[in-house]
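Source file model_17.cif; content: mmCIF, C-alpha atoms.
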data_work
#
loop_
_atom_site.label_atom_id
_atom_site.label_comp_id
_atom_site.auth_asym_id
_atom_site.auth_seq_id
_atom_site.Cartn_x
_atom_site.Cartn_y
_atom_site.Cartn_z
CA ASP Q 242 88.94 27.74 -38.35
CA GLY Q 243 90.17 25.74 -41.27
CA GLN Q 244 88.76 23.96 -44.28
CA PHE Q 245 85.68 22.65 -42.49
CA HIS Q 246 82.00 23.45 -42.24
CA HIS Q 247 81.13 25.38 -39.07
CA SER Q 248 77.49 26.43 -38.72
CA GLY Q 249 74.86 27.75 -36.38
CA LYS Q 250 74.94 29.87 -33.28
CA LEU Q 251 77.55 29.73 -30.55
CA SER Q 252 76.62 29.13 -26.91
CA TRP Q 253 78.70 30.18 -23.90
CA SER Q 254 79.00 28.08 -20.78
CA PRO Q 255 77.73 30.03 -17.74
CA ASP Q 256 81.29 30.57 -16.48
CA ALA Q 257 82.42 31.80 -19.94
CA SER Q 258 85.24 29.24 -20.08
CA THR Q 259 83.75 27.20 -22.94
CA LEU Q 260 82.03 27.90 -26.24
CA TYR Q 261 79.74 25.23 -27.67
CA LEU Q 262 79.38 25.03 -31.45
CA SER Q 263 78.33 22.76 -34.27
CA ALA Q 264 80.71 21.78 -37.04
CA ASN Q 265 81.55 19.12 -39.58
CA ARG Q 266 85.30 18.72 -39.19
CA GLY Q 267 85.54 15.18 -40.57
CA PRO Q 268 87.71 14.18 -43.53
CA ASP Q 269 84.62 13.98 -45.80
CA TRP Q 270 83.13 17.28 -44.63
CA GLN Q 271 82.49 18.39 -48.22
CA ARG Q 272 80.61 15.21 -49.14
CA GLU Q 273 78.83 14.62 -45.82
CA SER Q 274 76.85 17.87 -45.68
CA ASN Q 275 74.27 16.32 -43.35
CA ASN Q 276 76.81 15.39 -40.70
CA SER Q 277 78.01 17.57 -37.85
CA GLU Q 278 79.00 17.22 -34.23
CA VAL Q 279 78.70 19.39 -31.14
CA TYR Q 280 82.09 20.66 -30.01
CA ALA Q 281 83.33 22.30 -26.83
CA LEU Q 282 85.98 24.96 -27.37
CA ASP Q 283 88.10 25.75 -24.32
CA VAL Q 284 88.47 29.51 -24.58
CA ARG Q 285 91.81 29.72 -22.77
CA SER Q 286 93.69 26.87 -24.43
CA GLY Q 287 91.88 26.75 -27.77
CA ALA Q 288 91.39 23.00 -27.38
CA LEU Q 289 88.43 21.69 -29.38
CA THR Q 290 86.68 18.54 -28.13
CA ALA Q 291 83.94 16.66 -30.01
CA LEU Q 292 81.06 15.89 -27.64
CA THR Q 293 78.99 13.87 -30.13
CA ASP Q 294 80.12 11.26 -32.64
CA ARG Q 295 77.27 9.86 -34.67
CA LEU Q 296 76.35 10.03 -38.35
CA GLY Q 297 73.84 12.84 -38.65
CA PRO Q 298 73.57 16.49 -37.74
CA ASP Q 299 74.10 17.57 -34.15
CA GLN Q 300 73.51 21.30 -33.88
CA SER Q 301 72.13 24.23 -31.89
CA PRO Q 302 73.99 23.42 -28.65
CA VAL Q 303 72.87 25.40 -25.59
CA ALA Q 304 74.42 25.12 -22.13
CA SER Q 305 72.14 24.79 -19.10
CA PRO Q 306 72.12 27.67 -16.58
CA ASP Q 307 74.26 25.68 -14.11
CA GLY Q 308 76.63 24.50 -16.88
CA ARG Q 309 76.19 20.79 -16.12
CA LEU Q 310 74.21 19.92 -19.26
CA VAL Q 311 74.13 20.80 -22.95
CA ALA Q 312 70.94 20.57 -25.02
CA TYR Q 313 71.17 20.13 -28.78
CA VAL Q 314 69.09 19.17 -31.82
CA GLY Q 315 69.80 16.36 -34.28
CA PHE Q 316 69.01 12.91 -35.59
CA ASP Q 317 70.63 9.61 -36.53
CA ASP Q 318 71.02 9.84 -40.32
CA GLN Q 319 69.61 6.68 -41.88
CA ARG Q 320 70.03 8.04 -45.43
CA MET Q 321 66.30 8.66 -45.89
CA GLY Q 322 64.72 11.69 -47.54
CA TYR Q 323 63.53 13.15 -44.24
CA HIS Q 324 64.17 12.64 -40.53
CA ASN Q 325 62.57 14.36 -37.57
CA SER Q 326 65.07 16.42 -35.63
CA ARG Q 327 64.96 15.53 -31.95
CA LEU Q 328 65.97 17.40 -28.83
CA TYR Q 329 68.78 15.77 -26.88
CA VAL Q 330 70.59 16.55 -23.67
CA MET Q 331 74.02 15.40 -22.48
CA ASN Q 332 76.50 16.09 -19.73
CA ARG Q 333 78.92 18.90 -20.52
CA ASP Q 334 81.65 16.33 -21.26
CA GLY Q 335 79.45 14.56 -23.87
CA SER Q 336 78.50 11.62 -21.67
CA ASN Q 337 74.98 10.41 -20.88
CA ARG Q 338 73.42 11.54 -24.18
CA ARG Q 339 69.66 11.02 -24.30
CA VAL Q 340 66.73 12.08 -26.44
CA LEU Q 341 63.98 14.11 -24.75
CA THR Q 342 61.46 14.38 -27.61
CA GLY Q 343 61.47 10.81 -28.90
CA ASP Q 344 57.68 10.53 -28.62
CA LEU Q 345 56.99 13.80 -30.49
CA ASP Q 346 56.42 13.14 -34.19
CA ARG Q 347 57.64 16.59 -35.25
CA SER Q 348 61.02 18.20 -35.91
CA VAL Q 349 62.17 20.51 -33.14
CA GLN Q 350 64.26 23.67 -33.27
CA SER Q 351 65.44 26.66 -31.22
CA PRO Q 352 66.11 25.11 -27.79
CA VAL Q 353 66.16 27.53 -24.82
CA TRP Q 354 66.76 26.48 -21.21
CA SER Q 355 64.45 27.65 -18.44
CA LYS Q 356 66.26 29.73 -15.83
CA ASP Q 357 65.98 26.94 -13.24
CA GLY Q 358 67.48 24.39 -15.69
CA ARG Q 359 64.63 21.93 -15.14
CA SER Q 360 63.09 22.25 -18.62
CA ILE Q 361 63.82 23.36 -22.17
CA LEU Q 362 61.55 25.35 -24.46
CA PHE Q 363 61.65 24.63 -28.19
CA ALA Q 364 59.65 25.30 -31.35
CA TYR Q 365 58.10 22.90 -33.83
CA ASP Q 366 55.70 23.08 -36.79
CA ASP Q 367 52.40 21.24 -36.62
CA HIS Q 368 49.63 21.40 -39.25
CA GLY Q 369 50.94 24.66 -40.67
CA THR Q 370 51.35 26.37 -37.30
CA THR Q 371 54.49 26.94 -35.29
CA THR Q 372 54.20 25.92 -31.65
CA VAL Q 373 56.41 26.48 -28.61
CA ALA Q 374 56.55 23.57 -26.17
CA ARG Q 375 58.33 22.77 -22.94
CA VAL Q 376 60.03 19.47 -22.21
CA THR Q 377 61.22 18.42 -18.78
CA LEU Q 378 64.41 16.45 -18.32
CA ASP Q 379 62.34 13.26 -18.03
CA GLY Q 380 60.81 13.85 -21.49
CA ALA Q 381 57.34 15.20 -20.58
CA VAL Q 382 56.29 17.60 -23.36
CA SER Q 383 53.62 20.29 -22.92
CA THR Q 384 52.42 23.02 -25.28
CA VAL Q 385 53.17 26.60 -24.19
CA ILE Q 386 52.21 28.80 -27.18
CA GLN Q 387 50.54 28.14 -30.53
CA GLY Q 388 50.26 30.38 -33.57
CA LEU Q 389 53.76 31.77 -33.96
CA SER Q 390 54.37 33.50 -37.26
CA GLY Q 391 57.27 35.28 -38.86
CA ASP Q 392 57.41 38.93 -39.80
CA ASP Q 393 57.94 38.28 -43.51
CA ILE Q 394 54.86 38.10 -45.77
CA GLY Q 395 56.81 36.58 -48.68
CA ARG Q 396 57.35 33.20 -47.02
CA PRO Q 397 54.94 30.28 -47.52
CA TYR Q 398 55.31 28.96 -43.96
CA THR Q 399 54.62 30.31 -40.52
CA GLY Q 400 58.08 30.45 -38.99
CA GLY Q 401 58.26 32.85 -36.08
CA SER Q 402 60.48 33.23 -33.10
CA PHE Q 403 60.35 33.47 -29.33
CA SER Q 404 62.53 34.66 -26.49
CA LEU Q 405 62.47 33.65 -22.83
CA ALA Q 406 63.14 36.27 -20.12
CA ASN Q 407 64.82 35.41 -16.83
CA ASP Q 408 61.48 35.69 -15.00
CA GLY Q 409 59.87 33.16 -17.37
CA THR Q 410 58.01 35.68 -19.54
CA ILE Q 411 57.93 34.68 -23.21
CA ALA Q 412 57.93 37.19 -26.06
CA PHE Q 413 56.95 35.81 -29.46
CA THR Q 414 55.84 36.78 -32.95
CA ARG Q 415 52.22 35.89 -33.73
CA GLY Q 416 50.22 35.65 -36.92
CA SER Q 417 47.69 33.63 -38.85
CA ALA Q 418 47.09 32.47 -42.41
CA LEU Q 419 45.08 35.65 -43.02
CA ARG Q 420 47.47 38.02 -41.24
CA PRO Q 421 50.88 36.29 -41.44
CA ALA Q 422 53.08 39.23 -40.49
CA ASP Q 423 51.35 40.67 -37.40
#

As structure tokens:
Amino acid sequence: DGQFHHSGKLSWSPDASTLYLSANRGPDWQRESNNSEVYALDVRSGALTALTDRLGPDQSPVASPDGRLVAYVGFDDQRMGYHNSRLYVMNRDGSNRRVLTGDLDRSVQSPVWSKDGRSILFAYDDHGTTTVARVTLDGAVSTVIQGLSGDDIGRPYTGGSFSLANDGTIAFTRGSALRPAD
């Protein structure tokens, strides 16, 4: 809590001892709206530890099924009008940070770990269509689903969402330019 900017979803560690979150808790949090870090909150002690430390947004942290890794989305802010958001992974203590989608020229969102912890599903927009892709921990990206769409006719973009079941089944919203809210 406090006079800071906390945003996005929370993610539990598999053993429920840690909550991962995104926040801008720096002294210039009101002026640096495009800056945030991934934090680990120890549930028992209340200790909050920053796991990232760069200029730019680090958000949407998600713990791997075995708790060893944390995936998150962000970019190095170079003060340009637009940056592609990339998918990163790091050890649960913030060490060994690395980008997984560096070769994908699209902004990614909504990371979800596979049950076996060997890949991460994510969404991205491409030529007016939302796509779900899978990336392995060595950075190999493959398309899983194309044509996601939201359930709101009033929006001028496709949007959409997906959910991954424990057995690997994917549920998703689908639509097209002619039937955007199916």

Take the point (66.0, 35.3, -14.5) as written in the file and pick out every residue within 8 Å of it, counting all atoms listed in the file; give the list as JSON, numbers by chain.
{"Q": [356, 406, 407, 408, 409]}

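If you look at CA of Gly287 (chain Q) and CA of Asp242 (chain Q), they are 11.0 Å away from each other.
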
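For Arg333 (chain Q), the set of protein, DNA and RNA residues having any atom at most 10 Å away, when counting all atoms listed in the file and skipping those fewer than 2 positions along the same chain, is Q:Ser254, Q:Thr259, Q:Tyr261, Q:Ala281, Q:Leu292, Q:Ala304, Q:Ser305, Q:Gly308, Q:Arg309, Q:Leu310, Q:Val311, Q:Ala312, Q:Val330, Q:Met331, Q:Gly335, Q:Ser336, Q:Asn337, Q:Arg338.
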
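Considering only C-alpha atoms, the residue among Q:Thr290, Q:Ser404, Q:Ser351, Q:Ser263 positioned nearest to Leu328 (chain Q) is Q:Ser351.
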
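The nearest approach to Ala374 (chain Q) among the residues Q:Gly315, Q:Pro352, Q:Pro302, Q:Gly416, with only C-alpha atoms taken into account, belongs to Q:Pro352.
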
Pick the closest to Ser360 (chain Q) from Q:Asp283, Q:Asp269, Q:Asp379, Q:Asp256: which is it, counting all atoms listed in the file?
Q:Asp379

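Picture a line from CA of Ser326 (chain Q) to CA of Val314 (chain Q); it runs 6.2 Å.
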
CA of Ser274 (chain Q) and CA of Gly297 (chain Q) are how many Å apart?
9.2 Å

Can you list, as a list in words, every protein, DNA or RNA residue that comes within 10 Å of Ser258 (chain Q) when you count all atoms listed in the file, leaving out same-chain residues fewer than 5 positions away?
Trp253, Ala281, Leu282, Asp283, Val284, Arg285 and Ser286 of chain Q

Would you list the contacts of region 264-266 of chain Q as a count of residues only, taking every protein, DNA or RNA residue within 12 Å and counting only C-alpha atoms, but skipping same-chain residues closer than 6 positions in sequence?
35

Of Q:Ser355, Q:Leu378, Q:Arg347, Q:Leu262, the one nearest to His324 (chain Q) when counting all atoms listed in the file is Q:Arg347

Nearest-residue call for Pro255 (chain Q), choices Q:Gly400, Q:Gly358, Q:Gly267, Q:Pro306, using all atoms listed in the file
Q:Pro306

Expand the PyMOL selection byres ((chain Q and resi 401) around 6) into the individual residues it matches in the shown file, reporting them as a PyMOL selection string.
chain Q and resi 389-391+400+402+414

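Between Tyr323 (chain Q) and the residues Q:Ser348, Q:Ile411, Q:Ala381, Q:Tyr365, the shortest atom-to-atom distance, using only C-alpha atoms, involves Q:Ser348.
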
Extract, using all atoms listed in the file, all DNA, RNA and protein residues at most 7 Å from Leu362 (chain Q), discarding same-chain residues fewer than 3 positions from it, and format them as an mmCIF file with C-alpha atoms, keeping the file's coordinate frame.
data_model
loop_
_atom_site.group_PDB
_atom_site.id
_atom_site.type_symbol
_atom_site.label_atom_id
_atom_site.label_comp_id
_atom_site.auth_asym_id
_atom_site.auth_seq_id
_atom_site.Cartn_x
_atom_site.Cartn_y
_atom_site.Cartn_z
ATOM 1 C CA PRO Q 352 66.110 25.110 -27.790
ATOM 2 C CA VAL Q 353 66.160 27.530 -24.820
ATOM 3 C CA TRP Q 354 66.760 26.480 -21.210
ATOM 4 C CA VAL Q 373 56.410 26.480 -28.610
ATOM 5 C CA ALA Q 374 56.550 23.570 -26.170
ATOM 6 C CA ARG Q 375 58.330 22.770 -22.940
ATOM 7 C CA VAL Q 376 60.030 19.470 -22.210
#

Can you turn the PyMOL selection byres ((chain Q and resi 372) around 8) into a concrete residue list for this file, as a ChimeraX atom specification?
/Q:364-367,370-371,373-374,384-389
